[in-house]
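This report concerns only the one structure given below.
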Amino acid sequence: MTTKTHSTKAKASMKSPLTFLWVIGVLAVIAVPFTTPSIQLLFNFAMAKGLAVLGVTVLLRAGQVSFGHALYFGIAAYAGAFLMASMPAADFFVVLIVGVAGAVLAGLFVGLFVVRYRGIFFGMLNLAFSMIFWSILEKFYHYTGGADGIRFARPTVLGQVLTHGQFEMMLYYSVVVLMVVLGWFTQRWFASPIGQLFQTIKTNETRLEYLGISPRRALLSGYLLSAALCGVGGVMMGMAQGVVTPEYVWWVRSAEMVFIAVLGGAGSVHGAFLGALIYEVVRTYASVYAGDIWQMILGGFLLIIILFAPGGLIGILESLFRRGSGKEGARK
Amino acid sequence: MNLAIFLLALFDGVAYAALVFIVALGLTLIFGVMRILNVAHGSLYAIGAYATVSLTGYFLALGFAPVFAFPLMIVSAVLVGILIGGPLEYFLLRRIYDKSEVLQLLVTFAVFMILEDVQRLVWGTRPYFESSALQVLGNVSVFGVTYTAYQLILLPLIAVVLLLGMRFFLRHTITGKLITATTEDREAAQSIGVDADKVFLFTFVIGAVLAGLGGALASPTTSILPGMGADMIVLSFAVVATAGLGQIEGAALTALMIGLGRSFAVYLYPEISVLVPYLIMVLVLLVRPEGLFGSPAARKI
């Protein structure tokens, strides 16, 4: 507990310069479609992925890692795509809600089972569930289109049929809004009583039980939040790409999410989006040269971060600011 | 379901269970001793298979008799254990024994990602097929059902020998007892002069050899593709988790359960055959969260 109060104090002291930085970051992202439209779609993908990474980040706060969260990413995207296939005139917001509801339902089903476990079992059971869903998608190709996937048709928005360009613009700003709102919400949730209980699973689970609180229920609430966040990311990604394939659920996708969460800074909301943006930009330009060894590079980086910079990008950023404010304090 | 199909499903299941058990044995041994779940175990399995296919192809092209495929399997398995398993423990895992379980899992996962690409770089993405070992041993007929002797006799035999050998090794040899002692209490073992580092290294290499051997033995029975490592790690984890982590005899039984369940599903309900191992695992874990043979861990307060 002492380390915690220390870190919140440290955060408070450097809050102003860092917050300033985040505001500039969000403004820059908002300006992208006008300043550099060529990377608009790239940023759209990155933020959608960032939302899913945020889901993984939530679980890291409880000290748990899931190697199968692409499951919720994929379920939401498929739910949205199926809805569009059966109701071609469906509204954007209905698609979003149905997709997320699908992810939350699946999260409840799997979650009720996996919250009985921690650590190794938690990570691997999630992986097993995502592999199961992946093989269902591949096997039942009459319904799911198999490895080719299915088309995610463009929904109407508030009753209006948008052109391709208008829809992309609308999607871009929706994902920006979702990023800010859900990022803020997740931070509030961490600070809320249930969020605090959830994080106690990492520090001292037994203490929770002494308080008469069910750790499973606390973990389940966080698990549902993480499934919902992955679901939002999945629907937004599906609409941006216009097609949903089993690759959405493939373990490589889950691994990527875990990678970005650790890269950004284990447990940091800002880190999830910062990590996703940097990851996506680097991947787009580097995969031309290193497409064959991309996973190898990711694995190598993951090792380096875990062994030498466990705080991730956010940890590095914060230590830079701390050093700066430390000097100021000494001068006074 | 007539007798012929029943026997086919039975033989398929036993042969498959034998392979899965050999891989799971390595996984559960490493976990039992070092408390690390080695996700890269699946890659070692795949690399064992690839290495066997390449070595066999090379030596057969030189004009050696097909029977040489058998020693080459062992050579590949040992090479995987020593050349990949050894350095992995010595340079990487040794640094993280005091870290949290989740970080250890992430580290072996990172190694897994790296090794998956290594396979693709070395062997490409096209499937390999090399079944000379299968053909050398020919077929046997049981009640009118013809099956390969390799899968029906050799694989189960090796699995049983490895199971009994591992039991004997851990309980009746000095090295085995040192490993058991280190597992029980690492500090106490060190205080009476056991070199725990060496024990860990040795255990990890043995476990890696078993993964490689599983791949080597599987290579004549299946086509070798990228992604086989990912499937195997999840499947062998299902076996090991159903038995209870660290339970060697239990893993043999659950491998048989899962192997038979899967092969009967292939003949009865082919669509769900992939799901059967996980259904068995989930059902068992719902009733017994520690696995069939595992005992609840003492909780630290």
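If you're wondering about the labels, chains in the structure tokens are A, B, ... by order shown, residues count from 1 in each chain, ligands from 1 in order shown.
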Exercise. Got a sec to pull out which chain B residues are within 6 Å of chain A, counting only C-alpha atoms, and send them as an MDAnalysis selection string?
Worked result: chainID B and resid 102 110 113:114 117
For this session: Show which residues sit within 8 Å of region 60-67 of chain B, as a list in words. Count only C-alpha atoms, and ignore same-chain residues fewer than 6 positions away.
Result: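 Residues near the query, excluding close chain neighbours: Ser132, Ala133 and Val136 of chain B.
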For this session: Determine, counting only C-alpha atoms, which protein, DNA and RNA residues have an atom within 9 Å of an atom of region 200-211 of chain B; residues of the same chain fewer than 5 positions away are not included. Present the result as a PyMOL selection string.
Result: chain B and resi 22-30+33-34+41-46+48+74+76-82+84-86+88-90+94+179+182+195+216
Problem set entry | Atom pair CA of Leu155 (chain B) / CA of Gln119 (chain B): separation (Å) | 25.2 Å
For this session: Determine which residues of region 80-306 of chain A receive a DSSP assignment of alpha helix (DSSP H), computed from the backbone, and state them as a PyMOL selection string.
Result: chain A and resi 80-86+92-114+119-139+141-144+164-191+193-203+205-210+215-241+251-264+269-290+294-306
Problem set entry | Distance query Gly294 (chain B) at most 12 Å, only C-alpha atoms, self and fewer than 6 positions along chain excluded, as a list in words |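 Here the answer would be Thr28, Gly32, Val240, Ala241, Thr242, Ala243, Gly244, Leu245, Gly246, Gln247, Ile248, Glu249, Gly250, Ala251, Val284, Leu285 and Arg288 of chain B.
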Tell me which protein, DNA and RNA residues are within 8 Å of Ala106 (chain A), counting only C-alpha atoms, leaving out same-chain ones fewer than 4 positions away, and put them as a short mmCIF file (atom, residue, chain, number, x, y, z; two decimals) with N, CA and C atoms, in the first residue's frame.
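File produced: out.cif:
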```cif
data_model
loop_
_atom_site.label_atom_id
_atom_site.label_comp_id
_atom_site.auth_asym_id
_atom_site.auth_seq_id
_atom_site.Cartn_x
_atom_site.Cartn_y
_atom_site.Cartn_z
N TYR A 72 -12.88 -11.77 -27.80
CA TYR A 72 -13.95 -10.77 -27.69
C TYR A 72 -13.90 -9.76 -28.82
N ILE A 75 -15.51 -11.82 -31.62
CA ILE A 75 -16.95 -12.08 -31.43
C ILE A 75 -17.76 -10.83 -31.73
N GLY A 102 -22.60 -8.77 -27.68
CA GLY A 102 -22.09 -10.12 -27.97
C GLY A 102 -20.82 -10.41 -27.20
N VAL A 110 -17.56 -17.16 -20.54
CA VAL A 110 -16.19 -17.62 -20.30
C VAL A 110 -15.71 -17.15 -18.93
N GLY A 111 -16.08 -15.91 -18.60
CA GLY A 111 -15.60 -15.30 -17.37
C GLY A 111 -16.03 -16.07 -16.13
#
```
